[in-house]
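Structure data follow from entry-v2.txt (compact mmCIF, C-alpha atoms):
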```txt
# COMPACT_ATOMS: atom_id res chain seq x y z
CA MET A 28 0.00 0.00 0.00
CA ASN A 29 2.74 2.40 0.91
CA ASN A 30 4.76 1.67 -2.17
CA PRO A 31 5.88 4.94 -3.74
CA SER A 32 5.85 3.62 -7.28
CA HIS A 33 2.08 3.63 -7.79
CA SER A 34 -0.24 6.54 -7.40
CA LEU A 35 -3.05 6.84 -4.90
CA SER A 36 -6.74 7.49 -5.09
CA TYR A 37 -9.02 9.49 -2.89
CA ASP A 38 -10.34 6.23 -1.41
CA ASP A 39 -6.81 5.19 -0.43
CA VAL A 40 -6.56 8.39 1.56
CA VAL A 41 -9.95 7.94 3.19
CA ARG A 42 -9.06 4.40 4.23
CA THR A 43 -6.00 5.55 6.16
CA LEU A 44 -7.72 8.30 8.10
CA ASP A 45 -8.61 5.98 10.95
CA ASP A 46 -4.91 5.44 11.60
CA LEU A 47 -4.42 9.12 12.31
CA PRO A 48 -4.22 10.35 15.88
CA SER A 49 -7.54 11.78 16.95
CA LEU A 50 -7.95 15.19 18.45
CA PRO A 51 -9.01 15.44 22.08
CA ALA A 52 -12.76 14.80 22.19
CA VAL A 53 -13.49 18.28 23.45
CA VAL A 54 -11.62 19.82 20.50
CA MET A 55 -13.66 17.75 18.07
CA GLU A 56 -16.74 19.02 19.79
CA LEU A 57 -15.53 22.60 19.43
CA LEU A 58 -14.69 22.19 15.75
CA ASN A 59 -18.03 20.62 14.98
CA SER A 60 -19.90 23.42 16.69
CA ILE A 61 -18.23 26.32 14.90
CA ASP A 62 -21.46 27.23 13.13
CA GLN A 63 -23.64 26.87 16.21
CA ASP A 64 -24.33 29.51 18.78
CA ASP A 65 -26.31 27.44 21.26
CA VAL A 66 -23.37 25.56 22.78
CA ASP A 67 -23.23 25.15 26.54
CA ILE A 68 -20.11 27.17 27.18
CA SER A 69 -19.60 26.36 30.83
CA VAL A 70 -19.63 22.62 30.16
CA LEU A 71 -17.08 23.00 27.37
CA ALA A 72 -14.86 25.24 29.46
CA LYS A 73 -14.86 22.61 32.16
CA LYS A 74 -13.99 19.83 29.75
CA VAL A 75 -11.11 21.78 28.26
CA SER A 76 -9.70 22.57 31.67
CA TYR A 77 -9.20 18.83 32.35
CA ASP A 78 -6.48 18.93 29.71
CA GLN A 79 -3.75 20.88 31.42
CA ALA A 80 -1.32 21.21 28.53
CA LEU A 81 -4.10 22.39 26.25
CA THR A 82 -5.33 24.86 28.86
CA ALA A 83 -1.86 26.27 29.44
CA LYS A 84 -1.21 26.84 25.74
CA THR A 85 -4.64 28.38 25.24
CA LEU A 86 -4.18 30.80 28.11
CA ARG A 87 -0.74 31.85 26.88
CA LEU A 88 -2.29 32.67 23.52
CA ALA A 89 -5.14 34.54 25.16
CA ASN A 90 -2.63 36.62 27.12
CA SER A 91 -0.51 37.43 24.07
CA SER A 92 -0.74 40.81 22.40
CA LEU A 93 -2.94 39.24 19.74
CA TYR A 94 -5.83 40.39 21.89
CA GLY A 95 -4.24 43.16 23.93
CA LEU A 96 -6.10 42.26 27.14
CA GLN A 97 -5.56 44.56 30.09
CA VAL A 98 -5.92 41.71 32.55
CA LYS A 99 -4.19 38.37 32.62
CA VAL A 100 -6.69 35.55 32.22
CA THR A 101 -5.99 32.46 34.27
CA THR A 102 -8.87 30.13 33.45
CA ILE A 103 -10.67 29.06 30.28
CA GLN A 104 -13.90 30.47 31.67
CA GLN A 105 -12.20 33.81 32.18
CA ALA A 106 -10.80 33.76 28.66
CA ILE A 107 -14.33 33.23 27.35
CA THR A 108 -15.57 36.14 29.43
CA TYR A 109 -12.94 38.54 28.07
CA LEU A 110 -12.41 37.25 24.52
CA GLY A 111 -15.79 35.77 23.78
CA PHE A 112 -16.61 32.18 23.04
CA GLN A 113 -15.66 32.24 19.34
CA SER A 114 -12.16 33.54 19.88
CA THR A 115 -11.47 31.22 22.77
CA ARG A 116 -12.64 28.27 20.74
CA ASN A 117 -10.16 29.30 18.05
CA LEU A 118 -7.30 29.39 20.44
CA ILE A 119 -8.15 25.98 21.87
CA THR A 120 -8.33 24.55 18.36
CA ALA A 121 -5.01 26.09 17.41
CA ALA A 122 -3.33 24.78 20.55
CA ALA A 123 -4.74 21.28 20.02
CA VAL A 124 -4.19 20.83 16.29
CA THR A 125 -0.57 21.99 16.28
CA GLY A 126 0.32 19.27 18.75
CA CYS A 127 -1.68 16.50 17.14
CA PHE A 128 0.52 15.17 14.34
CA ALA A 129 3.78 13.41 15.19
CA GLU A 130 6.83 14.62 13.37
CA GLY A 131 9.75 12.93 11.75
CA HIS A 132 8.29 10.04 9.75
CA CYS A 133 8.90 11.51 6.36
CA PRO A 134 12.45 12.36 5.31
CA GLY A 135 12.70 15.84 3.84
CA PHE A 136 9.42 17.11 5.26
CA ASP A 137 9.98 20.12 7.50
CA HIS A 138 7.29 19.85 10.15
CA LYS A 139 8.25 23.13 11.85
CA ALA A 140 8.19 25.03 8.57
CA PHE A 141 4.76 23.58 7.83
CA TRP A 142 3.39 25.01 11.07
CA ARG A 143 5.21 28.30 10.63
CA HIS A 144 3.40 28.68 7.32
CA SER A 145 0.03 27.62 8.74
CA ILE A 146 0.26 29.90 11.76
CA ALA A 147 1.35 32.84 9.62
CA THR A 148 -1.55 32.21 7.26
CA ALA A 149 -3.94 32.09 10.21
CA ALA A 150 -2.59 35.41 11.50
CA CYS A 151 -2.75 37.02 8.06
CA ALA A 152 -6.25 35.70 7.32
CA LYS A 153 -7.47 37.10 10.62
CA VAL A 154 -6.04 40.53 9.83
CA LEU A 155 -7.48 40.43 6.29
CA ALA A 156 -10.87 39.39 7.64
CA ARG A 157 -10.90 42.34 10.02
CA HIS A 158 -10.33 44.73 7.12
CA MET A 159 -13.05 42.97 5.13
CA ARG A 160 -15.46 42.92 8.08
CA PHE A 161 -15.59 39.17 7.76
CA ASN A 162 -15.72 36.77 10.72
CA GLN A 163 -12.15 36.82 12.06
CA ASP A 164 -12.49 33.54 13.91
CA TYR A 165 -13.48 31.57 10.84
CA ALA A 166 -10.59 33.16 8.99
CA PHE A 167 -8.06 32.31 11.70
CA THR A 168 -9.11 28.67 11.96
CA ALA A 169 -9.37 28.18 8.21
CA GLY A 170 -5.94 29.75 7.76
CA LEU A 171 -4.48 27.41 10.33
CA LEU A 172 -6.05 24.33 8.77
CA HIS A 173 -5.91 25.16 5.05
CA ASP A 174 -2.97 22.84 4.32
CA ILE A 175 -3.82 20.18 6.91
CA GLY A 176 -4.18 17.64 4.11
CA ARG A 177 -0.43 17.80 3.70
CA LEU A 178 0.01 16.39 7.19
CA VAL A 179 -2.44 13.62 6.36
CA LEU A 180 -0.39 12.66 3.30
CA VAL A 181 2.90 12.93 5.17
CA SER A 182 1.62 10.85 8.09
CA CYS A 183 -0.15 8.16 6.07
CA PHE A 184 2.13 7.92 3.03
CA PRO A 185 5.58 9.05 4.16
CA ASN A 186 7.41 7.27 1.32
CA HIS A 187 5.18 8.75 -1.34
CA TYR A 188 5.62 12.14 0.19
CA ALA A 189 9.39 11.88 0.35
CA GLU A 190 9.29 11.14 -3.36
CA THR A 191 6.98 14.12 -3.89
CA ILE A 192 9.46 16.41 -2.17
CA ALA A 193 12.29 15.05 -4.29
CA TYR A 194 10.21 15.56 -7.44
CA ARG A 195 9.49 19.16 -6.45
CA GLU A 196 13.17 19.89 -5.92
CA GLN A 197 14.09 18.31 -9.21
CA HIS A 198 11.51 20.23 -11.23
CA ASP A 199 11.38 23.39 -9.10
CA CYS A 200 7.60 23.32 -9.39
CA TYR A 201 4.86 23.98 -6.87
CA LEU A 202 4.45 21.31 -4.22
CA LEU A 203 0.82 20.96 -5.31
CA GLU A 204 1.95 19.97 -8.83
CA ALA A 205 4.47 17.52 -7.42
CA GLU A 206 1.78 15.91 -5.26
CA ARG A 207 -0.46 15.41 -8.26
CA ALA A 208 2.36 14.09 -10.42
CA VAL A 209 3.74 11.64 -7.87
CA MET A 210 0.80 10.64 -5.72
CA GLY A 211 -2.22 11.20 -7.93
CA VAL A 212 -3.92 12.98 -5.05
CA ASP A 213 -3.05 16.36 -3.57
CA HIS A 214 -3.25 17.97 -0.15
CA VAL A 215 -6.56 19.60 -1.07
CA ASP A 216 -8.18 16.17 -1.58
CA ALA A 217 -6.62 14.88 1.61
CA GLY A 218 -7.69 17.97 3.52
CA LEU A 219 -11.26 17.52 2.35
CA ALA A 220 -11.18 13.86 3.33
CA LEU A 221 -9.98 14.77 6.80
CA ALA A 222 -12.52 17.58 7.08
CA GLU A 223 -15.19 15.00 6.37
CA HIS A 224 -13.68 12.52 8.81
CA TRP A 225 -13.35 15.08 11.59
CA ASN A 226 -16.76 16.56 10.84
CA PHE A 227 -15.58 20.07 10.09
CA SER A 228 -18.28 22.61 9.34
CA ASP A 229 -19.20 23.43 5.75
CA THR A 230 -17.51 26.80 6.10
CA MET A 231 -14.16 25.15 6.88
CA ARG A 232 -14.62 22.51 4.18
CA LEU A 233 -15.22 25.12 1.50
CA ALA A 234 -12.20 27.12 2.57
CA ILE A 235 -9.89 24.09 2.64
CA GLY A 236 -11.23 22.87 -0.69
CA GLY A 237 -11.10 26.25 -2.40
CA HIS A 238 -7.89 27.85 -1.20
CA HIS A 239 -6.03 27.02 -4.43
CA ASP A 240 -9.03 27.61 -6.64
CA PRO A 241 -11.11 30.43 -5.15
CA GLU A 242 -12.65 31.10 -8.57
CA ALA A 243 -14.53 27.80 -8.56
CA PRO A 244 -18.28 28.29 -8.31
CA GLY A 245 -19.44 28.13 -4.72
CA ALA A 246 -15.93 28.37 -3.25
CA GLY A 247 -17.07 31.24 -1.06
CA PHE A 248 -15.47 34.42 0.20
CA LEU A 249 -13.48 32.69 2.93
CA ALA A 250 -11.62 30.68 0.27
CA ALA A 251 -10.62 33.99 -1.36
CA ILE A 252 -9.33 35.34 1.95
CA ILE A 253 -7.31 32.19 2.66
CA HIS A 254 -6.01 32.16 -0.91
CA VAL A 255 -4.67 35.71 -0.64
CA ALA A 256 -3.38 35.19 2.91
CA ASP A 257 -1.49 32.10 1.75
CA ALA A 258 0.19 34.07 -1.06
CA ILE A 259 1.05 36.99 1.25
CA VAL A 260 2.68 34.66 3.76
CA HIS A 261 4.80 33.02 1.04
CA ALA A 262 5.75 36.47 -0.23
CA LEU A 263 6.70 37.71 3.24
CA ASP A 264 8.93 34.64 3.60
CA LEU A 265 7.54 33.90 7.06
CA ALA A 266 8.00 30.13 6.91
CA GLN A 267 11.69 30.65 6.08
CA VAL A 268 11.94 27.89 3.52
CA GLN A 269 14.95 28.30 1.25
CA ASP A 270 13.31 27.30 -2.05
CA ASP A 271 9.83 28.60 -1.24
CA LEU A 272 7.61 29.81 -4.10
CA VAL A 273 4.81 32.36 -4.12
CA PRO A 274 1.77 30.69 -5.69
CA PRO A 275 -0.07 32.50 -8.49
CA VAL A 276 -2.61 34.91 -7.03
CA SER A 277 -6.12 34.59 -8.44
CA THR A 278 -7.16 37.89 -10.02
CA VAL A 279 -10.75 37.14 -9.02
CA ALA A 280 -9.83 36.69 -5.34
CA TRP A 281 -7.56 39.75 -5.37
CA THR A 282 -10.29 41.86 -6.93
CA ALA A 283 -12.90 40.51 -4.51
CA LEU A 284 -10.82 41.76 -1.58
CA GLY A 285 -10.35 45.11 -3.31
CA LEU A 286 -7.83 46.57 -0.84
CA ASP A 287 -5.32 49.25 -1.77
CA GLU A 288 -1.58 49.33 -1.21
CA GLU A 289 -1.68 51.35 1.99
CA ILE A 290 -3.95 48.78 3.61
CA TYR A 291 -1.80 45.90 2.40
CA LEU A 292 1.37 47.40 3.87
CA GLN A 293 -0.48 47.74 7.16
CA ILE A 294 -1.65 44.12 6.86
CA PHE A 295 1.91 42.92 6.18
CA ARG A 296 3.15 44.72 9.30
CA GLU A 297 0.37 43.37 11.51
CA THR A 298 0.79 39.86 10.15
CA GLU A 299 4.51 39.79 10.95
CA LEU A 300 3.89 41.13 14.42
CA GLN A 301 1.16 38.66 15.32
CA TYR A 302 2.94 35.76 13.68
CA GLU A 303 5.99 36.28 15.89
CA GLU A 304 3.93 36.06 19.00
CA ILE A 305 1.60 33.22 18.11
CA SER A 306 4.41 31.03 16.83
CA MET A 307 6.35 31.60 20.05
CA VAL A 308 3.46 30.05 21.97
CA LEU A 309 2.42 27.31 19.58
CA LEU A 310 5.83 26.07 18.48
CA SER A 311 7.67 26.26 21.79
CA MET B 12 26.11 42.07 27.37
CA THR B 13 28.45 44.23 25.34
CA GLY B 14 30.20 47.40 26.50
CA ASN B 15 29.81 49.21 23.24
CA TYR B 16 26.24 50.41 23.55
CA HIS B 17 24.10 53.45 24.29
CA GLN B 18 20.59 53.90 25.61
CA LEU B 19 18.33 55.44 22.99
CA THR B 20 14.76 56.58 23.39
CA LEU B 21 12.16 54.92 21.26
CA ALA B 22 11.97 58.00 19.02
CA GLU B 23 15.69 57.76 18.25
CA VAL B 24 15.73 54.05 17.50
CA ARG B 25 15.52 53.14 13.82
CA PRO B 26 14.71 49.81 12.18
CA GLY B 27 17.92 47.91 11.49
CA MET B 28 19.56 48.91 14.78
CA VAL B 29 20.74 46.04 16.94
CA LEU B 30 19.88 45.33 20.58
CA SER B 31 23.05 45.23 22.68
CA ASP B 32 21.34 43.38 25.50
CA VAL B 33 18.33 41.22 26.14
CA LEU B 34 15.15 43.33 26.27
CA LEU B 35 12.78 42.76 29.19
CA ASP B 36 9.31 44.12 29.75
CA VAL B 37 8.13 45.67 33.00
CA GLN B 38 7.36 42.26 34.48
CA GLY B 39 10.84 41.04 33.63
CA HIS B 40 9.75 38.75 30.79
CA VAL B 41 12.09 38.45 27.87
CA LEU B 42 10.71 40.32 24.87
CA LEU B 43 13.66 40.10 22.51
CA PRO B 44 17.07 38.46 22.79
CA GLN B 45 20.40 40.23 22.60
CA GLY B 46 21.52 40.87 19.05
CA THR B 47 18.03 41.26 17.63
CA VAL B 48 17.91 43.46 14.54
CA LEU B 49 14.98 45.74 15.26
CA THR B 50 12.22 46.12 12.70
CA ASP B 51 9.43 48.64 12.29
CA ALA B 52 7.05 45.96 13.50
CA MET B 53 8.96 45.36 16.72
CA LEU B 54 9.32 49.06 17.45
CA ALA B 55 5.61 49.60 16.96
CA LEU B 56 5.02 47.05 19.70
CA MET B 57 7.24 48.74 22.30
CA PRO B 58 4.77 51.26 23.75
CA ARG B 59 2.36 48.45 24.47
CA HIS B 60 5.02 46.81 26.62
CA GLY B 61 5.80 50.07 28.39
CA ILE B 62 9.26 50.39 26.86
CA ALA B 63 10.60 53.90 26.19
CA VAL B 64 14.38 53.34 26.14
CA LEU B 65 16.36 50.58 24.42
CA PRO B 66 19.99 49.48 24.70
CA ILE B 67 21.38 49.78 21.19
CA LEU B 68 24.67 48.52 19.84
CA LYS B 69 26.84 51.51 18.93
CA GLU B 70 27.85 50.17 15.58
CA GLU B 71 26.00 52.54 13.29
CA VAL B 72 24.13 51.20 10.31
CA THR B 73 26.25 52.49 7.48
CA PRO B 74 24.79 53.25 4.07
CA GLU B 75 26.78 50.27 2.76
CA ILE B 76 25.10 47.89 5.19
CA LEU B 77 21.72 49.37 4.37
CA ALA B 78 22.37 48.96 0.66
CA ALA B 79 23.46 45.37 1.22
CA THR B 80 20.31 44.62 3.21
CA GLN B 81 18.14 46.12 0.49
CA GLN B 82 19.93 44.13 -2.15
CA HIS B 83 19.41 40.99 -0.08
CA HIS B 84 15.68 41.67 0.19
CA GLN B 85 15.40 42.33 -3.51
CA ALA B 86 17.18 39.12 -4.40
CA ARG B 87 15.02 37.12 -2.01
CA ILE B 88 11.80 38.57 -3.42
CA ALA B 89 12.96 37.78 -6.94
CA GLN B 90 13.63 34.20 -5.86
CA LEU B 91 10.27 33.77 -4.14
CA PHE B 92 8.44 35.18 -7.17
CA ARG B 93 10.57 33.30 -9.71
CA LYS B 94 7.47 31.77 -11.33
CA ASN B 95 5.86 35.17 -11.84
CA ASP B 96 6.42 37.36 -14.85
CA PRO B 97 5.98 40.92 -13.56
CA ASP B 98 4.91 42.11 -17.02
CA SER B 99 2.36 39.40 -17.63
CA ASP B 100 -1.16 40.65 -18.29
CA SER B 101 -2.95 37.59 -16.97
CA ASP B 102 -0.88 37.22 -13.78
CA TRP B 103 -1.25 40.84 -12.71
CA ALA B 104 -2.50 40.02 -9.19
CA THR B 105 0.72 38.15 -8.36
CA ALA B 106 2.71 41.00 -9.87
CA THR B 107 0.81 43.51 -7.73
CA LEU B 108 1.52 41.50 -4.59
CA ARG B 109 5.16 41.42 -5.60
CA ARG B 110 5.25 45.20 -5.99
CA PHE B 111 3.59 45.72 -2.58
CA VAL B 112 5.97 43.35 -0.80
CA THR B 113 8.93 45.04 -2.48
CA ASP B 114 7.71 48.44 -1.27
CA PHE B 115 7.19 46.95 2.18
CA ARG B 116 10.68 45.48 2.42
CA LEU B 117 12.53 48.38 0.85
CA GLY B 118 10.40 50.99 2.61
CA ALA B 119 9.57 52.89 -0.57
CA GLU B 120 8.46 56.45 0.22
CA GLU B 121 6.68 55.16 3.26
CA THR B 122 6.50 56.89 6.60
CA PRO B 123 5.69 54.69 9.56
CA GLU B 124 2.31 55.70 10.82
CA HIS B 125 0.87 54.39 14.02
CA GLU B 126 -2.80 54.38 14.50
```
Same coordinates, now as structure tokens:
Amino acid sequence: MNNPSHSLSYDDVVRTLDDLPSLPAVVMELLNSIDQDDVDISVLAKKVSYDQALTAKTLRLANSSLYGLQVKVTTIQQAITYLGFQSTRNLITAAAVTGCFAEGHCPGFDHKAFWRHSIATAACAKVLARHMRFNQDYAFTAGLLHDIGRLVLVSCFPNHYAETIAYREQHDCYLLEAERAVMGVDHVDAGLALAEHWNFSDTMRLAIGGHHDPEAPGAGFLAAIIHVADAIVHALDLAQVQDDLVPPVSTVAWTALGLDEEIYLQIFRETELQYEEISMVLLS
Amino acid sequence: MTGNYHQLTLAEVRPGMVLSDVLLDVQGHVLLPQGTVLTDAMLALMPRHGIAVLPILKEEVTPEILAATQQHHQARIAQLFRKNDPDSDSDWATATLRRFVTDFRLGAEETPEHE
């Protein structure tokens, strides 16, 4: 099955998903409820606080300058009081997902760089969303998870992925092209499969599925935000990958955002600033 | 800790200057390590941490160093955008992003404004 010489199908990916580590139950619950407003917050807060490592990371994020709180929050319940339920849920998700996948099974795959890129995209998407008056919490979470399919492929098919990385270096193409050429599936397919498996909301699914193709009918505005955020983060070199490439920016997505240069320069500055801080917490 | 430093107020500190010592906030938490090359972004964050004075390495940023840094940025941007043709009509959005990032890195006619 894990023989690099033959390509994979979507069903191959789906079949391996059960082997993946699962997220803490409470995080699954949070992810699944992102579109709901009638969640019993106090019960969730209690459940999260049983997981000490998760709580500690979440509180460090809540106390970072990302939110500029005047007080230091010391419990999940307090974080919800000051930041609101949506934002706190985001932080819990971020803290949980970044620790979920084991590293080091696939030669050549830079796990740290992957998360640097994802965190930077989350930060940038949140800033973009604020300027667009779009839901910042959706944007943050979608930015963080947009490439999660890559981790699925790396974890389930490490030999295939090592070959994909070699192919990319040889041809100096986009990683997405290398995935399709070597594996027959790409990280967008795998991300969608995982989104299904983990019961992500439709909003997240559309954003994960559309971040390379925001022009597709029904991709939605969030896909456009993630698409542009992804390109900005590559262009700002935040993941610090030597042979990184800026993906082609969709003119439709760029036009849909309709921001001018002054705003973009401000967004670049804010993104760098927030990225520094969030990555210090999540990658330490 | 190096001996060759001076304390500068936030207004005097410019991006590109180097911290001569570790920078702590009022609670004593480490904000930035010794040797950090300060950026606009970092400096903008200082008031929020209650920092008005910074220990700066005396070695001045010479025009040569500045030119070298700018050249480095330009080369890196060209490498990152190596699949983009800046004059292409169809790929104009990528080209626009490239122009904005170049202006951002090289600080083209831009005065730092803080809201």
Next on the checklist: Please compute the atom CA of A:Tyr201-atom CA of A:Arg157 distance, one decimal, in Å.
Outcome noted: 29.5 Å
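Across the structure, atom CA of A:Gly236 and atom CA of A:Val279 are spaced 16.5 Å apart.
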Item to check | Distance query B:Leu43 at most 10 Å, all atoms listed in the file, self and fewer than 5 positions along chain excluded, as an NGL selection string | outcome: :B and (30 or 32-36 or 48-49 or 53)
Item to check | Residues of chain B within 12 Å of chain A, counting only C-alpha atoms, as a ChimeraX atom specification | outcome: /B:41-43,50-60,84-85,87-97,99-126
Next on the checklist: To one decimal place in Å, what is the distance between atom CA of A:Ala121 and atom CA of A:Gln267?
Outcome noted: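 Separation of atom CA of A:Ala121 and atom CA of A:Gln267: 20.7 Å.
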Next on the checklist: So that I can check the surroundings of A:Pro185, please list as a PyMOL selection string every protein, DNA and RNA residue that reaches within 8 Å of it, counting only C-alpha atoms and ignoring chain neighbours fewer than 5 positions away.
Outcome noted: chain A and resi 29+132-134+180
Checklist entry - If we count only C-alpha atoms, what is near B:Val64 at a cut-off of 10 Å, once residues fewer than 4 positions away on the same chain are taken out, given as a list in words? => result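 Near B:Val64, the qualifying residues are His17, Gln18, Leu19, Thr20, Leu21, Ala22, Glu23, Val24 and Met57 of chain B.
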Next on the checklist: I want to know what sits within 10 Å of A:Asp174, based on only C-alpha atoms, with residues of the same chain fewer than 2 positions away left out; could you give that as an NGL selection string?
Outcome noted: :A and (141-142 or 144-145 or 148 or 169-172 or 176-179 or 214-215 or 217-218 or 235-236 or 238 or 257)
Checklist entry - So, counting all atoms listed in the file, which residue among A:Leu50, A:Ala266, A:Ala149, A:Ile175 is closest to A:Gly126? => result A:Leu50
Item to check | Expected residue set, 12 Å radius at (-9.0, 8.9, -6.1), all atoms listed in the file, as a list in words | outcome: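 In the file's frame, the residues around the point are Ser34, Leu35, Ser36, Tyr37, Asp38, Asp39, Val40, Val41, Arg42, Arg207, Met210, Gly211, Val212, Asp213, Asp216, Ala217 and Ala220 of chain A.
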Next on the checklist: Taking all atoms listed in the file into account, name the residue in B:His83, B:Ile62, B:Ile76, B:His40 that is nearest to B:Gly27.
Outcome noted: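 Residue with the minimum atom-to-atom distance to B:Gly27: B:Ile76.
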Next on the checklist: Taking 6 positions as the minimum chain separation for residues in the same chain, which residues sit within 9 Å of A:Leu118 when counting all atoms listed in the file? Answer as an MDAnalysis selection string.
Outcome noted: chainID A and resid 84:86 88:89 168
Item to check | Ref. answer, residues at most 12 Å from (-9.3, 17.2, 17.2) with all atoms listed in the file, as number ranges by chain | outcome: A: 47-59, 81, 119-128, 172, 221-222, 224-227
Next on the checklist: Nearest residue to B:Gly46 out of B:Tyr16, B:Glu75, B:Arg25, B:Gly61, using all atoms listed in the file?
Outcome noted: B:Tyr16
For stretch 209-217 of chain A, what centre and edge lengths in Å (one decimal) does the axis-aligned box get once 4 Å is added on each side of all its listed atoms, as AutoDock Vina command-line options?
```
--center_x -2.2 --center_y 15.1 --center_z -3.2 --size_x 19.9 --size_y 17.0 --size_z 17.5
```
